[in-house]
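Peer 1: One file: query33.txt (compact mmCIF, C-alpha atoms).
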# COMPACT_ATOMS: atom_id res chain seq x y z
CA MET A 1 98.57 113.74 101.04
CA ARG A 2 100.74 111.11 102.74
CA ILE A 3 104.50 111.47 102.23
CA VAL A 4 107.61 109.37 102.83
CA ILE A 5 110.91 111.24 103.10
CA ALA A 6 114.28 109.57 102.37
CA GLU A 7 117.24 111.82 103.22
CA ASP A 8 120.44 110.76 104.98
CA SER A 9 121.17 114.15 106.56
CA VAL A 10 119.38 114.24 109.92
CA LEU A 11 119.06 118.02 109.85
CA LEU A 12 117.71 118.20 106.30
CA ARG A 13 115.37 115.28 106.95
CA ALA A 14 113.96 117.04 110.00
CA GLY A 15 113.71 120.30 108.08
CA LEU A 16 111.87 118.69 105.17
CA THR A 17 109.51 116.95 107.58
CA LYS A 18 108.60 120.20 109.33
CA LEU A 19 108.28 122.05 106.02
CA VAL A 20 105.90 119.61 104.36
CA GLU A 21 103.85 119.08 107.54
CA THR A 22 103.44 122.83 107.89
CA ALA A 23 102.17 122.86 104.28
CA GLY A 24 99.46 120.33 105.17
CA PHE A 25 101.07 117.02 104.16
CA GLU A 26 101.24 114.02 106.48
CA VAL A 27 104.72 112.50 106.82
CA VAL A 28 104.13 108.79 107.46
CA ALA A 29 107.84 107.88 107.52
CA ALA A 30 111.22 109.66 107.40
CA VAL A 31 114.20 107.40 106.76
CA GLY A 32 117.91 107.78 106.20
CA GLU A 33 118.78 104.99 103.76
CA ALA A 34 117.48 103.43 100.56
CA ASP A 35 116.38 100.06 101.97
CA GLY A 36 114.38 101.91 104.59
CA LEU A 37 112.69 103.90 101.83
CA LEU A 38 111.52 100.78 99.99
CA ALA A 39 110.31 99.20 103.23
CA ALA A 40 108.41 102.37 104.18
CA VAL A 41 106.77 102.63 100.76
CA GLU A 42 105.73 98.97 100.84
CA ARG A 43 104.28 99.38 104.32
CA HIS A 44 102.54 102.77 104.01
CA ARG A 45 101.81 103.07 100.26
CA PRO A 46 102.07 106.88 100.43
CA ASP A 47 100.89 109.35 97.82
CA ALA A 48 104.46 110.47 97.20
CA ALA A 49 108.07 109.99 98.29
CA ILE A 50 110.78 112.65 98.50
CA VAL A 51 114.08 110.93 97.72
CA ASP A 52 117.70 112.06 97.97
CA VAL A 53 119.88 110.75 95.13
CA ARG A 54 122.92 109.83 97.22
CA MET A 55 122.34 107.77 100.35
CA PRO A 56 124.16 105.24 102.54
CA PRO A 57 126.09 103.06 102.38
CA GLY A 58 127.95 104.24 99.28
CA PHE A 59 126.59 107.78 98.93
CA THR A 60 126.61 107.42 95.14
CA ASP A 61 123.29 106.53 93.54
CA GLU A 62 121.46 104.42 96.14
CA GLY A 63 118.53 106.82 96.43
CA ILE A 64 117.85 107.20 92.73
CA ARG A 65 118.14 103.45 92.17
CA ALA A 66 115.58 102.93 94.94
CA ALA A 67 113.35 105.49 93.21
CA LEU A 68 113.59 103.49 89.98
CA VAL A 69 112.58 100.34 91.86
CA MET A 70 109.62 102.24 93.27
CA ARG A 71 108.51 103.33 89.80
CA ARG A 72 108.50 99.70 88.68
CA GLN A 73 106.90 98.12 91.76
CA TRP A 74 104.54 100.88 92.91
CA PRO A 75 103.88 103.14 89.90
CA GLU A 76 100.98 104.77 91.70
CA VAL A 77 103.40 106.33 94.23
CA ALA A 78 104.70 109.67 93.00
CA VAL A 79 108.44 110.35 93.31
CA LEU A 80 110.17 113.69 93.82
CA VAL A 81 113.95 113.31 93.59
CA LEU A 82 116.27 115.84 95.21
CA SER A 83 119.87 116.07 94.04
CA GLN A 84 122.89 118.28 94.64
CA TYR A 85 123.81 117.92 90.97
CA VAL A 86 122.08 116.80 87.78
CA GLU A 87 122.61 113.06 87.37
CA GLU A 88 121.76 112.99 83.65
CA ARG A 89 121.72 109.23 83.18
CA TYR A 90 119.37 108.58 86.07
CA ALA A 91 117.20 111.61 85.37
CA ALA A 92 116.63 110.34 81.84
CA GLU A 93 115.92 106.80 83.08
CA LEU A 94 113.50 108.05 85.71
CA LEU A 95 111.57 109.94 83.05
CA ALA A 96 111.83 107.35 80.29
CA ALA A 97 108.81 105.19 81.05
CA ASN A 98 106.29 107.64 82.47
CA THR A 99 106.30 111.33 83.38
CA ARG A 100 103.17 111.07 85.51
CA GLY A 101 103.82 111.75 89.18
CA VAL A 102 107.55 112.35 88.88
CA GLY A 103 109.84 115.25 89.72
CA TYR A 104 113.57 115.99 89.77
CA LEU A 105 114.69 119.14 91.58
CA LEU A 106 118.09 120.40 92.65
CA LYS A 107 118.46 120.85 96.39
CA ASP A 108 118.97 124.56 95.91
CA ARG A 109 115.24 124.75 95.07
CA VAL A 110 114.36 123.67 98.61
CA ALA A 111 115.62 127.06 99.75
CA ASP A 112 112.80 128.61 97.71
CA VAL A 113 109.97 127.16 99.78
CA SER A 114 107.16 128.15 97.43
CA VAL A 115 108.89 126.60 94.38
CA PHE A 116 109.63 123.38 96.27
CA LEU A 117 106.11 123.01 97.69
CA ASP A 118 104.52 123.83 94.33
CA GLY A 119 106.64 121.11 92.74
CA LEU A 120 105.76 118.61 95.47
CA ARG A 121 102.04 119.30 95.09
CA ARG A 122 102.22 118.88 91.30
CA VAL A 123 104.07 115.59 91.58
CA ALA A 124 101.84 114.23 94.37
CA THR A 125 98.75 114.90 92.24
CA GLY A 126 100.14 113.15 89.18
CA GLY A 127 101.94 116.02 87.47
CA THR A 128 105.62 116.67 86.78
CA ALA A 129 108.18 119.03 88.28
CA LEU A 130 111.54 119.23 86.54
CA ASP A 131 114.27 121.63 87.54
CA PRO A 132 115.13 123.98 84.65
CA GLU A 133 118.77 122.89 84.97
CA VAL A 134 117.74 119.25 84.58
CA VAL A 135 115.75 120.06 81.46
CA SER A 136 118.63 122.10 79.99
CA GLN A 137 121.24 119.39 80.55
CA LEU A 138 119.04 116.65 79.16
CA LEU A 139 118.36 118.80 76.11
CA LEU A 140 122.08 119.19 75.41
CA ARG A 141 122.35 115.41 74.99
CA ARG A 142 119.68 115.15 72.30
CA HIS A 143 119.84 116.37 68.72
CA ASN A 144 117.24 114.55 66.59
CA ASP A 145 115.36 116.03 63.66
CA PRO A 146 111.74 116.45 64.86
CA LEU A 147 112.74 119.00 67.47
CA GLU A 148 114.59 120.99 64.82
CA ARG A 149 111.23 121.74 63.22
CA LEU A 150 110.20 123.84 66.19
CA THR A 151 110.60 127.59 66.29
CA PRO A 152 112.57 129.10 69.19
CA ARG A 153 109.29 130.13 70.87
CA GLU A 154 107.81 126.65 70.43
CA ARG A 155 110.92 125.10 71.95
CA GLU A 156 110.61 127.53 74.85
CA VAL A 157 106.98 126.50 75.36
CA LEU A 158 107.93 122.81 75.21
CA GLU A 159 110.73 123.32 77.72
CA LEU A 160 108.25 124.91 80.13
CA MET A 161 105.85 122.01 79.52
CA ALA A 162 108.70 119.67 80.47
CA GLU A 163 109.14 121.57 83.73
CA GLY A 164 105.53 120.66 84.51
CA ARG A 165 103.91 124.06 83.96
CA SER A 166 100.26 124.37 82.96
CA ASN A 167 99.12 126.47 79.98
CA ALA A 168 98.32 129.30 82.39
CA GLY A 169 101.74 128.98 84.01
CA ILE A 170 103.45 129.09 80.61
CA ALA A 171 101.42 132.15 79.62
CA GLU A 172 102.40 133.92 82.82
CA LYS A 173 106.09 133.03 82.40
CA LEU A 174 106.24 134.18 78.76
CA VAL A 175 103.84 137.11 79.25
CA VAL A 176 101.53 135.99 76.46
CA SER A 177 97.86 135.05 76.27
CA ASP A 178 96.49 131.60 77.07
CA SER A 179 95.26 131.33 73.47
CA ALA A 180 98.77 132.02 72.16
CA VAL A 181 100.14 129.22 74.35
CA ALA A 182 97.43 126.85 73.10
CA LYS A 183 98.34 127.71 69.51
CA HIS A 184 102.03 127.03 70.15
CA ILE A 185 101.21 123.69 71.78
CA ASN A 186 99.05 122.62 68.85
CA ASN A 187 101.91 123.52 66.51
CA ILE A 188 104.27 121.44 68.66
CA PHE A 189 101.93 118.44 68.47
CA ALA A 190 101.77 118.75 64.68
CA LYS A 191 105.52 119.19 64.17
CA LEU A 192 106.35 116.24 66.42
CA ASP A 193 103.93 114.07 64.42
CA LEU A 194 101.76 113.29 67.43
CA PRO A 195 98.40 111.76 66.52
CA HIS A 196 95.12 113.30 67.57
CA ALA A 197 94.26 111.90 70.97
CA GLU A 198 93.21 112.98 74.42
CA ALA A 199 94.96 116.30 75.14
CA ASP A 200 96.83 115.31 78.31
CA HIS A 201 98.13 112.15 76.62
CA ARG A 202 99.60 114.14 73.73
CA ARG A 203 101.14 116.56 76.20
CA VAL A 204 102.97 113.71 77.95
CA LEU A 205 104.12 112.29 74.60
CA ALA A 206 105.45 115.70 73.55
CA VAL A 207 107.46 116.04 76.77
CA LEU A 208 108.82 112.51 76.44
CA ARG A 209 109.86 113.14 72.86
CA TYR A 210 111.52 116.38 73.93
CA LEU A 211 113.51 114.64 76.65
CA ARG A 212 114.48 111.83 74.27
CA GLY A 213 115.52 114.26 71.59
CA GLY A 214 112.69 113.52 69.19
CA ASP A 215 112.98 109.74 69.30
CA PRO A 216 109.42 108.34 69.39
CA ALA A 217 110.56 104.94 70.68
Could you spell out this file's structure in structure tokens?

Peer 2:
Amino acid sequence: MRIVIAEDSVLLRAGLTKLVETAGFEVVAAVGEADGLLAAVERHRPDAAIVDVRMPPGFTDEGIRAALVMRRQWPEVAVLVLSQYVEERYAAELLAANTRGVGYLLKDRVADVSVFLDGLRRVATGGTALDPEVVSQLLLRRHNDPLERLTPREREVLELMAEGRSNAGIAEKLVVSDSAVAKHINNIFAKLDLPHAEADHRRVLAVLRYLRGGDPA
């Protein structure tokens, strides 16, 4: 897997580079500002980019805005955003069009190397990795009816789906059987009025509807 890293802190950028290279990734570029990120992605067309939200010159939202440009121009390049805090508006926008190959983790997760690398691998291979805090804060903003049909356990399963966990990962987290998880997911599909279709497609639609608060648009 070929990776571009965009992080303005020299020390963190070097640390991330060493960490992901040790895990078997190839870092094709490591840059310190948003324009450099877009140039590196255009030149190298990596499998994924790790992007800090706040970068020079303003240290506000340059990184996340560059990530949104990437999603439009090079949708095949996965994006893992790192942030000190949950930027709800941009997190929602990043996830609005497509949850494939996208992640949003708080920087505290980098301290847990296994969690960070697991998230990076999921994103780089087309999955999702959402920080539980991101999911929780996005949920607080949404209160539409379809989600109210879900039982507390079904909402818990859907929240874990939104974090990017597989059925086996959900079963392990909730200490239930794989078949029980499958049953909950089927109930979620039915209650959210999702049509019968290819399973992974319905899973993405369920997560999107969850993050949008039940709005199918």

Peer 1: Set the distance at 8 Å and use only C-alpha atoms: which residues neighbour range 158-169 of chain A once local chain neighbours fewer than 3 positions away are removed? I'd like the list as a ChimeraX atom specification.

Peer 2: /A:122,127-132,135,154-155,172-173,178,181-182,185,188,203,206-207,210-211

Peer 1: Ser114 in chain A: which residues within 12 Å, counting all atoms listed in the file, same-chain residues fewer than 5 positions away excluded, as a list in words?

Peer 2: Leu19, Val20, Ala23, Arg109, Gly119, Leu120 and Arg121 of chain A

Peer 1: Restricting the output to C-alpha atoms, write the selected residues as a PDB file, in the frame of the given file.

Peer 2:
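Wrote part-v1.pdb, looks like this:
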ATOM      1  CA  LEU A  19     108.280 122.050 106.020  1.00  0.00           C
ATOM      2  CA  VAL A  20     105.900 119.610 104.360  1.00  0.00           C
ATOM      3  CA  ALA A  23     102.170 122.860 104.280  1.00  0.00           C
ATOM      4  CA  ARG A 109     115.240 124.750  95.070  1.00  0.00           C
ATOM      5  CA  GLY A 119     106.640 121.110  92.740  1.00  0.00           C
ATOM      6  CA  LEU A 120     105.760 118.610  95.470  1.00  0.00           C
ATOM      7  CA  ARG A 121     102.040 119.300  95.090  1.00  0.00           C
TER       8      ARG A 121
END

Peer 1: Hey, can you check how far CA of Ala34 in chain A sits from CA of Asp8 in chain A?

Peer 2: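 For CA of Ala34 in chain A relative to CA of Asp8 in chain A, the distance reads 9.1 Å.
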
Peer 1: How many Å separate CA of Asp193 in chain A from CA of Pro152 in chain A?

Peer 2: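 CA of Pro152 in chain A lies 18.0 Å from CA of Asp193 in chain A.
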
Peer 1: Counting all atoms listed in the file, figure out which residue out of A:Ala171, A:Ala78, A:Ala96, A:Val51 gets nearest to Ala66 in chain A.

Peer 2: A:Val51

Peer 1: Rounded to one decimal in Å, what is the spacing between CA of Gln73 in chain A and CA of Arg13 in chain A?

Peer 2: 24.4 Å

Peer 1: Of the candidates A:Leu16, A:Ala6, A:Leu94, A:Met1, which shows the shortest atom-to-atom distance to Gly32 in chain A, using all atoms listed in the file?

Peer 2: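 Closest candidate: A:Ala6.
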
Peer 1: Of the residues A:Asp61, A:Asp52, A:Glu93, A:Asp47, which is the one nearest to Val81 in chain A, using all atoms listed in the file?

Peer 2: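 When distances to Val81 in chain A are compared using all atoms listed in the file, the smallest one comes from A:Asp52.
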
Peer 1: Using only C-alpha atoms, which residues sit within 9 Å of range 37-39 of chain A once same-chain residues fewer than 6 positions away are excluded, as a list of chain:residue names?

Peer 2: A:Val4, A:Ile5, A:Ala6, A:Ala29, A:Ala30, A:Val31, A:Ala49, A:Val51, A:Gly63, A:Ala66, A:Ala67, A:Val69, A:Met70

Peer 1: For each of A:Val113, A:Val175, A:Glu156, A:His201, take the minimum atom-to-atom distance to Thr22 in chain A, counting all atoms listed in the file, then give the residue where this is smallest.

Peer 2: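 Nearest candidate to Thr22 in chain A out of A:Val113, A:Val175, A:Glu156, A:His201: A:Val113.
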
Peer 1: Work out where the centre of an axis-aligned box around every listed atom of range 22-39 of chain A lies and how long its edges are once 6 Å is added on each side; give both in Å to one decimal as lines of an AutoDock Vina configuration file.

Peer 2:
center_x = 109.1
center_y = 111.0
center_z = 103.9
size_x = 31.3
size_y = 35.7
size_z = 19.9

Peer 1: Using only C-alpha atoms for the distances, tell me which of A:Pro46, A:Pro146, A:Gly103, A:Gly24 is nearest to Val134 in chain A.

Peer 2: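 Distance minimum relative to Val134 in chain A lands on A:Gly103.
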
Peer 1: For a quick check of understanding, using only C-alpha atoms, which of A:Val41, A:Ala180, A:Leu147, A:Met55 has the smallest distance to Arg209 in chain A?

Peer 2: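 Comparing A:Val41, A:Ala180, A:Leu147, A:Met55 against Arg209 in chain A, the winner is A:Leu147.
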
Peer 1: If we count all atoms listed in the file, what is near Val27 in chain A at a cut-off of 7 Å, once residues fewer than 2 positions away on the same chain are taken out, given as a list in words?

Peer 2: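 Final neighbour list, sorted by chain and number: Arg2, Ile3, Val4, Thr17, Glu21, Phe25 and Ala29 of chain A.
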